[in-house]
$ cat model_34.pdb   # PDB, C-alpha atoms
ATOM      1  CA  MET A   1      76.257 181.474  -8.618  1.00  0.00           C
ATOM      2  CA  THR A   2      75.381 178.157  -7.017  1.00  0.00           C
ATOM      3  CA  ARG A   3      77.244 176.464  -9.863  1.00  0.00           C
ATOM      4  CA  GLY A   4      80.370 178.139  -8.524  1.00  0.00           C
ATOM      5  CA  PHE A   5      79.931 176.216  -5.270  1.00  0.00           C
ATOM      6  CA  TYR A   6      79.972 172.912  -7.163  1.00  0.00           C
ATOM      7  CA  ASP A   7      83.000 173.891  -9.231  1.00  0.00           C
ATOM      8  CA  LEU A   8      85.011 175.097  -6.243  1.00  0.00           C
ATOM      9  CA  THR A   9      84.056 172.163  -4.028  1.00  0.00           C
ATOM     10  CA  SER A  10      84.960 169.602  -6.683  1.00  0.00           C
ATOM     11  CA  GLY A  11      88.257 171.423  -7.234  1.00  0.00           C
ATOM     12  CA  MET A  12      89.037 171.304  -3.513  1.00  0.00           C
ATOM     13  CA  LEU A  13      88.245 167.579  -3.352  1.00  0.00           C
ATOM     14  CA  SER A  14      90.430 166.934  -6.379  1.00  0.00           C
ATOM     15  CA  GLN A  15      93.386 168.839  -4.927  1.00  0.00           C
ATOM     16  CA  SER A  16      92.939 167.021  -1.603  1.00  0.00           C
ATOM     17  CA  ARG A  17      93.185 163.680  -3.411  1.00  0.00           C
ATOM     18  CA  ARG A  18      96.259 164.912  -5.253  1.00  0.00           C
ATOM     19  CA  LEU A  19      97.871 165.854  -1.940  1.00  0.00           C
ATOM     20  CA  ASP A  20      97.086 162.377  -0.572  1.00  0.00           C
ATOM     21  CA  VAL A  21      98.880 160.768  -3.520  1.00  0.00           C
ATOM     22  CA  VAL A  22     101.851 163.129  -3.252  1.00  0.00           C
ATOM     23  CA  GLY A  23     102.059 162.478   0.486  1.00  0.00           C
ATOM     24  CA  ASN A  24     102.043 158.720  -0.083  1.00  0.00           C
ATOM     25  CA  ASN A  25     104.824 159.031  -2.663  1.00  0.00           C
ATOM     26  CA  MET A  26     106.951 161.126  -0.326  1.00  0.00           C
ATOM     27  CA  THR A  27     106.328 158.738   2.583  1.00  0.00           C
ATOM     28  CA  ASN A  28     107.634 155.847   0.460  1.00  0.00           C
ATOM     29  CA  LEU A  29     110.682 157.683  -0.821  1.00  0.00           C
ATOM     30  CA  SER A  30     112.935 155.232   1.051  1.00  0.00           C
ATOM     31  CA  THR A  31     110.855 152.088   0.422  1.00  0.00           C
ATOM     32  CA  PRO A  32     112.845 149.671  -1.793  1.00  0.00           C
ATOM     33  CA  GLY A  33     111.206 149.052  -5.154  1.00  0.00           C
ATOM     34  CA  TYR A  34     108.364 151.526  -4.569  1.00  0.00           C
ATOM     35  CA  LYS A  35     106.741 152.795  -7.765  1.00  0.00           C
ATOM     36  CA  GLN A  36     105.549 156.370  -7.948  1.00  0.00           C
ATOM     37  CA  GLN A  37     101.806 156.940  -8.246  1.00  0.00           C
ATOM     38  CA  GLN A  38     100.374 159.719 -10.395  1.00  0.00           C
ATOM     39  CA  TYR A  39      96.911 161.250 -10.028  1.00  0.00           C
ATOM     40  CA  THR A  40      95.031 162.904 -12.862  1.00  0.00           C
ATOM     41  CA  ASP A  41      91.617 164.533 -12.883  1.00  0.00           C
ATOM     42  CA  THR A  42      89.244 165.732 -15.562  1.00  0.00           C
ATOM     43  CA  THR A  43      85.918 167.485 -15.897  1.00  0.00           C
ATOM     44  CA  PHE A  44      82.707 165.540 -16.151  1.00  0.00           C
ATOM     45  CA  GLY A  45      81.758 164.839 -19.734  1.00  0.00           C
ATOM     46  CA  GLU A  46      80.191 167.765 -21.535  1.00  0.00           C
ATOM     47  CA  VAL A  47      76.464 168.048 -20.872  1.00  0.00           C
ATOM     48  CA  LEU A  48      74.083 169.199 -23.587  1.00  0.00           C
ATOM     49  CA  ILE A  49      71.660 171.928 -22.508  1.00  0.00           C
ATOM     50  CA  SER A  50      68.296 171.692 -24.221  1.00  0.00           C
ATOM     51  CA  ARG A  51      65.141 173.819 -24.358  1.00  0.00           C
ATOM     52  CA  ILE A  52      61.889 171.857 -24.159  1.00  0.00           C
ATOM     53  CA  GLY A  53      58.281 172.962 -24.085  1.00  0.00           C
ATOM     54  CA  ASN A  54      56.122 172.871 -20.970  1.00  0.00           C
ATOM     55  CA  SER A  55      53.484 170.584 -22.480  1.00  0.00           C
ATOM     56  CA  ASP A  56      55.031 169.015 -25.584  1.00  0.00           C
ATOM     57  CA  LYS A  57      58.361 167.449 -24.589  1.00  0.00           C
ATOM     58  CA  SER A  58      59.144 166.068 -28.047  1.00  0.00           C
ATOM     59  CA  GLY A  59      60.483 169.228 -29.669  1.00  0.00           C
ATOM     60  CA  ASN A  60      63.591 169.750 -27.566  1.00  0.00           C
ATOM     61  CA  GLN A  61      66.208 172.125 -28.976  1.00  0.00           C
ATOM     62  CA  VAL A  62      69.911 171.988 -28.071  1.00  0.00           C
ATOM     63  CA  ILE A  63      71.039 175.462 -27.047  1.00  0.00           C
ATOM     64  CA  GLY A  64      74.524 174.835 -25.680  1.00  0.00           C
ATOM     65  CA  GLN A  65      76.982 172.695 -23.762  1.00  0.00           C
ATOM     66  CA  SER A  66      78.302 172.758 -20.225  1.00  0.00           C
ATOM     67  CA  SER A  67      81.232 171.106 -18.485  1.00  0.00           C
ATOM     68  CA  SER A  68      82.101 172.036 -14.939  1.00  0.00           C
ATOM     69  CA  MET A  69      82.992 169.892 -11.963  1.00  0.00           C
ATOM     70  CA  LEU A  70      86.317 168.110 -11.641  1.00  0.00           C
ATOM     71  CA  ALA A  71      86.310 164.371 -11.099  1.00  0.00           C
ATOM     72  CA  PRO A  72      89.051 161.766 -10.608  1.00  0.00           C
ATOM     73  CA  SER A  73      90.188 160.474 -13.996  1.00  0.00           C
ATOM     74  CA  GLU A  74      92.696 157.755 -13.230  1.00  0.00           C
ATOM     75  CA  MET A  75      95.497 156.722 -10.918  1.00  0.00           C
ATOM     76  CA  THR A  76      98.542 155.653 -12.873  1.00  0.00           C
ATOM     77  CA  ILE A  77     101.773 154.063 -11.707  1.00  0.00           C
ATOM     78  CA  ASP A  78     105.221 154.801 -13.072  1.00  0.00           C
ATOM     79  CA  TYR A  79     106.937 151.414 -13.418  1.00  0.00           C
ATOM     80  CA  GLY A  80     110.257 152.959 -14.413  1.00  0.00           C
ATOM     81  CA  GLN A  81     113.446 151.424 -13.023  1.00  0.00           C
ATOM     82  CA  GLY A  82     114.743 152.841  -9.771  1.00  0.00           C
ATOM     83  CA  ALA A  83     118.446 153.155  -9.041  1.00  0.00           C
ATOM     84  CA  LEU A  84     120.225 149.985  -7.863  1.00  0.00           C
ATOM     85  CA  GLU A  85     122.063 150.405  -4.578  1.00  0.00           C
ATOM     86  CA  GLU A  86     124.536 147.888  -3.223  1.00  0.00           C
ATOM     87  CA  THR A  87     123.829 146.909   0.399  1.00  0.00           C
ATOM     88  CA  GLY A  88     126.182 143.981   1.053  1.00  0.00           C
ATOM     89  CA  SER A  89     123.382 141.963   2.680  1.00  0.00           C
ATOM     90  CA  ASN A  90     123.104 138.308   1.609  1.00  0.00           C
ATOM     91  CA  LEU A  91     119.302 138.462   1.600  1.00  0.00           C
ATOM     92  CA  ASP A  92     118.871 141.588  -0.520  1.00  0.00           C
ATOM     93  CA  PHE A  93     117.803 141.176  -4.149  1.00  0.00           C
ATOM     94  CA  ALA A  94     117.080 143.652  -6.934  1.00  0.00           C
ATOM     95  CA  ILE A  95     115.537 143.175 -10.365  1.00  0.00           C
ATOM     96  CA  GLN A  96     117.351 144.839 -13.242  1.00  0.00           C
ATOM     97  CA  GLY A  97     114.686 145.307 -15.882  1.00  0.00           C
ATOM     98  CA  GLU A  98     111.042 144.287 -16.008  1.00  0.00           C
ATOM     99  CA  GLY A  99     109.433 141.910 -13.549  1.00  0.00           C
ATOM    100  CA  PHE A 100     108.239 141.399  -9.998  1.00  0.00           C
ATOM    101  CA  PHE A 101     108.989 139.099  -7.079  1.00  0.00           C
ATOM    102  CA  ALA A 102     106.074 136.873  -6.045  1.00  0.00           C
ATOM    103  CA  ILE A 103     105.011 136.855  -2.376  1.00  0.00           C
ATOM    104  CA  ARG A 104     102.501 134.480  -0.805  1.00  0.00           C
ATOM    105  CA  THR A 105     100.403 136.716   1.428  1.00  0.00           C
ATOM    106  CA  ASP A 106      97.223 136.144   3.433  1.00  0.00           C
ATOM    107  CA  ASN A 107      95.322 137.348   0.338  1.00  0.00           C
ATOM    108  CA  GLY A 108      97.048 134.972  -2.064  1.00  0.00           C
ATOM    109  CA  VAL A 109     100.012 135.572  -4.358  1.00  0.00           C
ATOM    110  CA  GLU A 110     100.912 139.240  -4.750  1.00  0.00           C
ATOM    111  CA  TYR A 111     103.834 140.964  -6.417  1.00  0.00           C
ATOM    112  CA  THR A 112     106.483 143.521  -5.531  1.00  0.00           C
ATOM    113  CA  ARG A 113     109.818 145.018  -6.555  1.00  0.00           C
ATOM    114  CA  ASN A 114     110.937 145.179  -2.930  1.00  0.00           C
ATOM    115  CA  GLY A 115     113.716 142.611  -2.493  1.00  0.00           C
ATOM    116  CA  SER A 116     114.640 143.368   1.118  1.00  0.00           C
ATOM    117  CA  PHE A 117     114.140 139.788   2.325  1.00  0.00           C
ATOM    118  CA  SER A 118     114.791 137.944   5.592  1.00  0.00           C
ATOM    119  CA  LEU A 119     114.416 134.411   6.959  1.00  0.00           C
ATOM    120  CA  ASP A 120     111.362 133.515   9.019  1.00  0.00           C
ATOM    121  CA  LYS A 121     111.483 131.230  12.074  1.00  0.00           C
ATOM    122  CA  ASN A 122     111.155 128.162   9.843  1.00  0.00           C
ATOM    123  CA  GLY A 123     114.002 129.196   7.571  1.00  0.00           C
ATOM    124  CA  TYR A 124     111.882 130.348   4.636  1.00  0.00           C
ATOM    125  CA  LEU A 125     112.860 133.394   2.615  1.00  0.00           C
ATOM    126  CA  TYR A 126     110.214 136.041   3.228  1.00  0.00           C
ATOM    127  CA  LEU A 127     109.378 139.716   2.892  1.00  0.00           C
ATOM    128  CA  PRO A 128     108.873 141.030   6.443  1.00  0.00           C
ATOM    129  CA  GLY A 129     105.296 142.026   7.126  1.00  0.00           C
ATOM    130  CA  TYR A 130     103.927 140.380   3.975  1.00  0.00           C
ATOM    131  CA  GLY A 131     104.772 136.733   3.376  1.00  0.00           C
ATOM    132  CA  ARG A 132     107.108 134.127   1.895  1.00  0.00           C
ATOM    133  CA  VAL A 133     109.051 134.649  -1.317  1.00  0.00           C
ATOM    134  CA  LEU A 134     108.203 132.189  -4.098  1.00  0.00           C
ATOM    135  CA  ASP A 135     110.404 130.438  -6.658  1.00  0.00           C
ATOM    136  CA  GLU A 136     109.747 130.155 -10.401  1.00  0.00           C
ATOM    137  CA  ASP A 137     107.126 127.452  -9.696  1.00  0.00           C
ATOM    138  CA  LYS A 138     105.344 129.582  -7.070  1.00  0.00           C
ATOM    139  CA  ARG A 139     106.726 127.491  -4.169  1.00  0.00           C
ATOM    140  CA  PRO A 140     108.256 128.915  -0.964  1.00  0.00           C
ATOM    141  CA  ILE A 141     112.054 128.852  -0.776  1.00  0.00           C
ATOM    142  CA  GLN A 142     113.516 127.260   2.347  1.00  0.00           C
ATOM    143  CA  LEU A 143     117.132 127.903   3.285  1.00  0.00           C
ATOM    144  CA  ASP A 144     119.224 126.266   5.966  1.00  0.00           C
ATOM    145  CA  THR A 145     121.305 129.389   6.427  1.00  0.00           C
ATOM    146  CA  ASP A 146     121.774 132.942   5.239  1.00  0.00           C
ATOM    147  CA  GLN A 147     125.327 132.055   4.201  1.00  0.00           C
ATOM    148  CA  ILE A 148     124.495 131.806   0.540  1.00  0.00           C
ATOM    149  CA  ARG A 149     125.584 132.933  -2.888  1.00  0.00           C
ATOM    150  CA  VAL A 150     123.257 133.901  -5.710  1.00  0.00           C
ATOM    151  CA  ASP A 151     123.818 133.801  -9.455  1.00  0.00           C
ATOM    152  CA  SER A 152     122.662 136.436 -11.942  1.00  0.00           C
ATOM    153  CA  ARG A 153     119.341 134.656 -12.551  1.00  0.00           C
ATOM    154  CA  GLY A 154     118.370 134.371  -8.900  1.00  0.00           C
ATOM    155  CA  GLY A 155     119.605 130.811  -8.264  1.00  0.00           C
ATOM    156  CA  ILE A 156     120.492 130.367  -4.582  1.00  0.00           C
ATOM    157  CA  TYR A 157     123.335 128.077  -3.420  1.00  0.00           C
ATOM    158  CA  GLY A 158     125.001 127.280  -0.106  1.00  0.00           C
ATOM    159  CA  GLN A 159     128.124 129.377   0.287  1.00  0.00           C
ATOM    160  CA  GLU A 160     130.273 126.497   1.522  1.00  0.00           C
ATOM    161  CA  ASP A 161     128.812 123.259   0.132  1.00  0.00           C
ATOM    162  CA  GLY A 162     127.191 124.669  -3.008  1.00  0.00           C
ATOM    163  CA  GLU A 163     123.818 123.058  -2.217  1.00  0.00           C
ATOM    164  CA  TYR A 164     121.080 124.362  -4.503  1.00  0.00           C
ATOM    165  CA  TYR A 165     118.109 125.817  -2.582  1.00  0.00           C
ATOM    166  CA  GLY A 166     116.020 127.184  -5.416  1.00  0.00           C
ATOM    167  CA  LYS A 167     115.601 130.180  -7.687  1.00  0.00           C
ATOM    168  CA  VAL A 168     113.925 133.426  -6.749  1.00  0.00           C
ATOM    169  CA  GLY A 169     111.005 133.787  -9.132  1.00  0.00           C
ATOM    170  CA  VAL A 170     110.726 136.888 -11.297  1.00  0.00           C
ATOM    171  CA  PHE A 171     107.451 137.343 -13.166  1.00  0.00           C
ATOM    172  CA  THR A 172     106.088 139.680 -15.813  1.00  0.00           C
ATOM    173  CA  PHE A 173     102.594 140.472 -17.070  1.00  0.00           C
ATOM    174  CA  ARG A 174     101.138 141.220 -20.463  1.00  0.00           C
ATOM    175  CA  ASP A 175      99.784 144.579 -19.299  1.00  0.00           C
ATOM    176  CA  ASN A 176     101.174 146.313 -16.205  1.00  0.00           C
ATOM    177  CA  ASP A 177      98.360 148.872 -16.408  1.00  0.00           C
ATOM    178  CA  ARG A 178      95.963 146.155 -15.270  1.00  0.00           C
ATOM    179  CA  LEU A 179      97.879 145.645 -12.031  1.00  0.00           C
ATOM    180  CA  THR A 180      96.212 147.094  -8.963  1.00  0.00           C
ATOM    181  CA  ILE A 181      97.573 148.003  -5.554  1.00  0.00           C
ATOM    182  CA  SER A 182      96.085 145.671  -2.948  1.00  0.00           C
ATOM    183  CA  GLU A 183      95.279 146.531   0.657  1.00  0.00           C
ATOM    184  CA  SER A 184      98.711 145.229   1.655  1.00  0.00           C
ATOM    185  CA  GLY A 185     100.426 147.725  -0.640  1.00  0.00           C
ATOM    186  CA  LEU A 186     101.720 145.014  -2.982  1.00  0.00           C
ATOM    187  CA  PHE A 187     100.483 144.518  -6.541  1.00  0.00           C
ATOM    188  CA  ASP A 188      97.562 142.297  -7.469  1.00  0.00           C
ATOM    189  CA  ALA A 189      97.726 140.692 -10.911  1.00  0.00           C
ATOM    190  CA  GLY A 190      94.225 141.864 -11.810  1.00  0.00           C
ATOM    191  CA  GLY A 191      93.277 138.457 -13.193  1.00  0.00           C
ATOM    192  CA  GLN A 192      96.303 138.180 -15.462  1.00  0.00           C
ATOM    193  CA  GLY A 193      98.536 135.149 -15.649  1.00  0.00           C
ATOM    194  CA  ALA A 194     102.090 135.747 -14.466  1.00  0.00           C
ATOM    195  CA  ARG A 195     104.867 134.643 -16.804  1.00  0.00           C
ATOM    196  CA  GLU A 196     108.328 133.712 -15.598  1.00  0.00           C
ATOM    197  CA  ALA A 197     110.879 136.242 -16.813  1.00  0.00           C
ATOM    198  CA  ASP A 198     114.514 135.733 -17.718  1.00  0.00           C
ATOM    199  CA  THR A 199     115.471 139.003 -16.046  1.00  0.00           C
ATOM    200  CA  PRO A 200     118.796 139.594 -14.244  1.00  0.00           C
ATOM    201  CA  VAL A 201     118.676 139.516 -10.448  1.00  0.00           C
ATOM    202  CA  ILE A 202     121.290 141.612  -8.686  1.00  0.00           C
ATOM    203  CA  TRP A 203     122.410 140.051  -5.418  1.00  0.00           C
ATOM    204  CA  LYS A 204     123.313 142.127  -2.338  1.00  0.00           C
ATOM    205  CA  SER A 205     121.525 145.137  -3.807  1.00  0.00           C
ATOM    206  CA  LEU A 206     118.157 146.853  -3.574  1.00  0.00           C
ATOM    207  CA  GLU A 207     116.231 148.919  -6.074  1.00  0.00           C
ATOM    208  CA  SER A 208     115.446 152.347  -4.669  1.00  0.00           C
ATOM    209  CA  SER A 209     112.057 153.968  -5.202  1.00  0.00           C
ATOM    210  CA  ASN A 210     111.613 155.887  -8.437  1.00  0.00           C
ATOM    211  CA  VAL A 211     109.959 158.854  -6.719  1.00  0.00           C
ATOM    212  CA  ASP A 212     111.137 162.204  -8.089  1.00  0.00           C
ATOM    213  CA  MET A 213     111.332 164.290  -4.919  1.00  0.00           C
ATOM    214  CA  ILE A 214     111.600 167.627  -6.724  1.00  0.00           C
ATOM    215  CA  ARG A 215     108.531 166.844  -8.832  1.00  0.00           C
ATOM    216  CA  GLU A 216     106.546 165.752  -5.783  1.00  0.00           C
ATOM    217  CA  MET A 217     107.472 168.915  -3.862  1.00  0.00           C
ATOM    218  CA  SER A 218     106.414 171.029  -6.836  1.00  0.00           C
ATOM    219  CA  GLN A 219     103.080 169.210  -7.123  1.00  0.00           C
ATOM    220  CA  MET A 220     102.486 169.512  -3.391  1.00  0.00           C
ATOM    221  CA  MET A 221     103.026 173.293  -3.390  1.00  0.00           C
ATOM    222  CA  SER A 222     100.855 173.729  -6.499  1.00  0.00           C
ATOM    223  CA  ALA A 223      98.003 171.666  -5.001  1.00  0.00           C
ATOM    224  CA  GLN A 224      98.209 173.503  -1.681  1.00  0.00           C
ATOM    225  CA  ARG A 225      98.013 176.906  -3.400  1.00  0.00           C
ATOM    226  CA  ALA A 226      95.046 175.782  -5.512  1.00  0.00           C
ATOM    227  CA  LEU A 227      93.296 174.391  -2.432  1.00  0.00           C
ATOM    228  CA  GLN A 228      93.836 177.584  -0.432  1.00  0.00           C
ATOM    229  CA  SER A 229      92.657 179.787  -3.315  1.00  0.00           C
ATOM    230  CA  ALA A 230      89.503 177.735  -3.805  1.00  0.00           C
ATOM    231  CA  ALA A 231      88.756 177.881  -0.080  1.00  0.00           C
ATOM    232  CA  GLN A 232      89.089 181.679  -0.052  1.00  0.00           C
ATOM    233  CA  VAL A 233      86.821 182.129  -3.082  1.00  0.00           C
ATOM    234  CA  LEU A 234      84.322 179.688  -1.600  1.00  0.00           C
ATOM    235  CA  LYS A 235      84.214 181.819   1.529  1.00  0.00           C
ATOM    236  CA  LEU A 236      83.474 184.894  -0.611  1.00  0.00           C
ATOM    237  CA  TYR A 237      80.686 183.024  -2.406  1.00  0.00           C
ATOM    238  CA  ASP A 238      79.177 182.083   0.928  1.00  0.00           C
ATOM    239  CA  GLY A 239      79.291 185.696   2.119  1.00  0.00           C
ATOM    240  CA  VAL A 240      77.638 187.020  -1.052  1.00  0.00           C
ATOM    241  CA  LEU A 241      74.870 184.396  -0.940  1.00  0.00           C
ATOM    242  CA  THR A 242      74.240 185.033   2.748  1.00  0.00           C
ATOM    243  CA  LYS A 243      73.929 188.773   2.083  1.00  0.00           C
ATOM    244  CA  ALA A 244      71.635 188.190  -0.913  1.00  0.00           C
ATOM    245  CA  THR A 245      69.411 185.880   1.131  1.00  0.00           C
ATOM    246  CA  SER A 246      69.168 188.492   3.918  1.00  0.00           C
ATOM    247  CA  GLU A 247      68.226 191.226   1.441  1.00  0.00           C
ATOM    248  CA  LEU A 248      65.512 189.051  -0.114  1.00  0.00           C
ATOM    249  CA  GLY A 249      64.164 188.264   3.342  1.00  0.00           C
ATOM    250  CA  ARG A 250      63.642 191.974   4.068  1.00  0.00           C
ATOM    251  CA  MET A 251      61.803 192.605   0.793  1.00  0.00           C
TER     252      MET A 251
END
$ encode --input "model_34.pdb" --output "structure tokens"
Amino acid sequence: MTRGFYDLTSGMLSQSRRLDVVGNNMTNLSTPGYKQQQYTDTTFGEVLISRIGNSDKSGNQVIGQSSSMLAPSEMTIDYGQGALEETGSNLDFAIQGEGFFAIRTDNGVEYTRNGSFSLDKNGYLYLPGYGRVLDEDKRPIQLDTDQIRVDSRGGIYGQEDGEYYGKVGVFTFRDNDRLTISESGLFDAGGQGAREADTPVIWKSLESSNVDMIREMSQMMSAQRALQSAAQVLKLYDGVLTKATSELGRM
């Protein structure tokens, strides 16, 4: 019966983690370029049960297998394209296809699909709250004004005089599965080298998050029901064990 405690507790922890992931996805539903996270769990690897002698430990005999508690398996990210929405803002950029913008943060260069940029006090293009946007050579892009025009490859020019300010860098990686989410919420390259990509940049638009709200609501309700059921059964287990302990104490 005590094994039931372990199974139920691990199940409750797993569903709690699932709810955390679902909650984070739903919170970022309106975050430009946000990529949906997916949580999966599994049981611990099967454990062989063996019979061994009390004195001679060499003649063990396998008598079965056991697999019980749930454990986190992996956290995956859906890098699928989100819908492109026109905003009309001169400093909004969206990537159509694979790739990431590069941002120089306090933790080094990190990557994002969020192209909702602004100008800092020194006139550099930056992602508010994170850092400066980098060009194809990983250098900050300084603009004299937000009155600009942008070509389909991210090249930025003065709207009136046509002065060239630079090109918004778009980078890809050999394996997106090796990317990790940093403390800032942007992507860390995970030791990979970033390669410049010839990917179209859509000016005056933003990529919406790719969160499937209906799917997230369904997962949330399923996890909540599983969590509540496990809690109720765990309470019954506790009551039965308490009663059994009391009966043994009176014997």
$ closest_residue --input "model_34.pdb" --among "A:Ala189, A:Met75, A:Ile156, A:Ala94" --to "Asp20 in chain A" --atoms "all atoms listed in the file"
A:Met75
$ resolve_selection --input "model_34.pdb" --expression "the PyMOL selection byres ((chain A and resi 147) around 10)" --output "PyMOL selection string"
chain A and resi 90-91+143-146+148-149+157-160
$ closest_residue --input "model_34.pdb" --among "A:Pro32, A:Gly123, A:Gly115, A:Gly190" --to "Trp203 in chain A" --atoms "all atoms listed in the file"
A:Gly115
$ residues_around --input "model_34.pdb" --residues "Gly129 in chain A" --least-positions-apart "3" --cutoff "12 Å" --atoms "all atoms listed in the file" --output "list in words"
Ile103, Arg104, Thr105, Asp106, Asn114, Ser116, Phe117, Ser118, Leu119, Asp120, Tyr126, Arg132, Val133, Ser184, Gly185 and Leu186 of chain A
$ write_last_selection --input "model_34.pdb" --atoms "C-alpha atoms" --output "mmCIF file, in the coordinates of the input"
data_model
loop_
_atom_site.group_PDB
_atom_site.id
_atom_site.type_symbol
_atom_site.label_atom_id
_atom_site.label_comp_id
_atom_site.auth_asym_id
_atom_site.auth_seq_id
_atom_site.Cartn_x
_atom_site.Cartn_y
_atom_site.Cartn_z
ATOM 1 C CA ILE A 103 105.011 136.855 -2.376
ATOM 2 C CA ARG A 104 102.501 134.480 -0.805
ATOM 3 C CA THR A 105 100.403 136.716 1.428
ATOM 4 C CA ASP A 106 97.223 136.144 3.433
ATOM 5 C CA ASN A 114 110.937 145.179 -2.930
ATOM 6 C CA SER A 116 114.640 143.368 1.118
ATOM 7 C CA PHE A 117 114.140 139.788 2.325
ATOM 8 C CA SER A 118 114.791 137.944 5.592
ATOM 9 C CA LEU A 119 114.416 134.411 6.959
ATOM 10 C CA ASP A 120 111.362 133.515 9.019
ATOM 11 C CA TYR A 126 110.214 136.041 3.228
ATOM 12 C CA ARG A 132 107.108 134.127 1.895
ATOM 13 C CA VAL A 133 109.051 134.649 -1.317
ATOM 14 C CA SER A 184 98.711 145.229 1.655
ATOM 15 C CA GLY A 185 100.426 147.725 -0.640
ATOM 16 C CA LEU A 186 101.720 145.014 -2.982
#
$ closest_residue --input "model_34.pdb" --among "A:Tyr79, A:Tyr34, A:Tyr111, A:Tyr165" --to "Gly97 in chain A" --atoms "only C-alpha atoms"
A:Tyr79
$ residues_around --input "model_34.pdb" --residues "range 209-221 of chain A" --least-positions-apart "2" --cutoff "8 Å" --atoms "all atoms listed in the file" --output "list in words"
Arg18, Leu19, Val22, Asn25, Met26, Asn28, Leu29, Ser30, Thr31, Pro32, Gly33, Tyr34, Lys35, Gln36, Asp78, Gly80, Gln81, Gly82, Ala83, Glu207, Ala223, Gln224 and Arg225 of chain A
$ atom_distance --input "model_34.pdb" --atom1 "CA of Gln192 in chain A" --atom2 "CA of Asp92 in chain A"
27.3 Å
$ resolve_selection --input "model_34.pdb" --expression "the PyMOL selection byres ((chain A and resi 196) around 6)" --output "JSON, numbers by chain"
{"A": [170, 171, 195, 197]}
$ closest_residue --input "model_34.pdb" --among "A:Leu179, A:Ile141, A:Leu206, A:Ala194" --to "Ile77 in chain A" --atoms "only C-alpha atoms"
A:Leu179
$ resolve_selection --input "model_34.pdb" --expression "the PyMOL selection byres ((chain A and resi 198) around 12)" --output "list in words"
Ile95, Gln96, Gly97, Glu98, Gly99, Phe100, Glu136, Ser152, Arg153, Gly154, Gly155, Lys167, Val168, Gly169, Val170, Phe171, Thr172, Arg195, Glu196, Ala197, Thr199, Pro200 and Val201 of chain A
$ atom_distance --input "model_34.pdb" --atom1 "CA of Phe101 in chain A" --atom2 "CA of Val21 in chain A"
24.2 Å
$ closest_residue --input "model_34.pdb" --among "A:Lys204, A:Val109, A:Gly193, A:Asn176" --to "Asp135 in chain A" --atoms "all atoms listed in the file"
A:Val109
$ axis_aligned_box --input "model_34.pdb" --around "range 181-200 of chain A" --padding-each-side "4 Å" --output "lines of an AutoDock Vina configuration file"
center_x = 106.0
center_y = 140.9
center_z = -8.0
size_x = 33.5
size_y = 22.3
size_z = 27.4
$ decode --input "model_34.pdb" --residues "range 84-95 of chain A" --atoms "N, CA and C atoms" --output "mmCIF file, in the first residue's frame"
data_model
loop_
_atom_site.group_PDB
_atom_site.id
_atom_site.type_symbol
_atom_site.label_atom_id
_atom_site.label_comp_id
_atom_site.auth_asym_id
_atom_site.auth_seq_id
_atom_site.Cartn_x
_atom_site.Cartn_y
_atom_site.Cartn_z
ATOM 1 N N LEU A 84 1.282 36.020 -38.927
ATOM 2 C CA LEU A 84 1.876 37.344 -39.079
ATOM 3 C C LEU A 84 0.760 38.384 -39.072
ATOM 4 N N GLU A 85 0.914 39.375 -38.201
ATOM 5 C CA GLU A 85 -0.101 40.404 -38.043
ATOM 6 C C GLU A 85 0.491 41.773 -38.329
ATOM 7 N N GLU A 86 -0.117 42.485 -39.245
ATOM 8 C CA GLU A 86 0.360 43.821 -39.593
ATOM 9 C C GLU A 86 0.028 44.803 -38.486
ATOM 10 N N THR A 87 1.030 45.615 -38.079
ATOM 11 C CA THR A 87 0.839 46.580 -36.997
ATOM 12 C C THR A 87 0.925 48.024 -37.468
ATOM 13 N N GLY A 88 1.656 48.274 -38.554
ATOM 14 C CA GLY A 88 1.837 49.634 -39.050
ATOM 15 C C GLY A 88 2.953 50.388 -38.368
ATOM 16 N N SER A 89 3.600 49.779 -37.364
ATOM 17 C CA SER A 89 4.685 50.446 -36.645
ATOM 18 C C SER A 89 6.005 50.276 -37.379
ATOM 19 N N ASN A 90 6.760 51.371 -37.527
ATOM 20 C CA ASN A 90 8.036 51.334 -38.247
ATOM 21 C C ASN A 90 9.087 50.446 -37.587
ATOM 22 N N LEU A 91 8.939 50.165 -36.306
ATOM 23 C CA LEU A 91 9.966 49.409 -35.591
ATOM 24 C C LEU A 91 9.513 47.987 -35.250
ATOM 25 N N ASP A 92 8.498 47.517 -35.948
ATOM 26 C CA ASP A 92 8.052 46.129 -35.773
ATOM 27 C C ASP A 92 8.555 45.273 -36.928
ATOM 28 N N PHE A 93 9.105 44.105 -36.578
ATOM 29 C CA PHE A 93 9.673 43.189 -37.565
ATOM 30 C C PHE A 93 9.179 41.775 -37.279
ATOM 31 N N ALA A 94 8.968 41.010 -38.331
ATOM 32 C CA ALA A 94 8.579 39.607 -38.178
ATOM 33 C C ALA A 94 9.397 38.752 -39.129
ATOM 34 N N ILE A 95 9.731 37.561 -38.699
ATOM 35 C CA ILE A 95 10.471 36.611 -39.531
ATOM 36 C C ILE A 95 9.473 35.654 -40.165
#
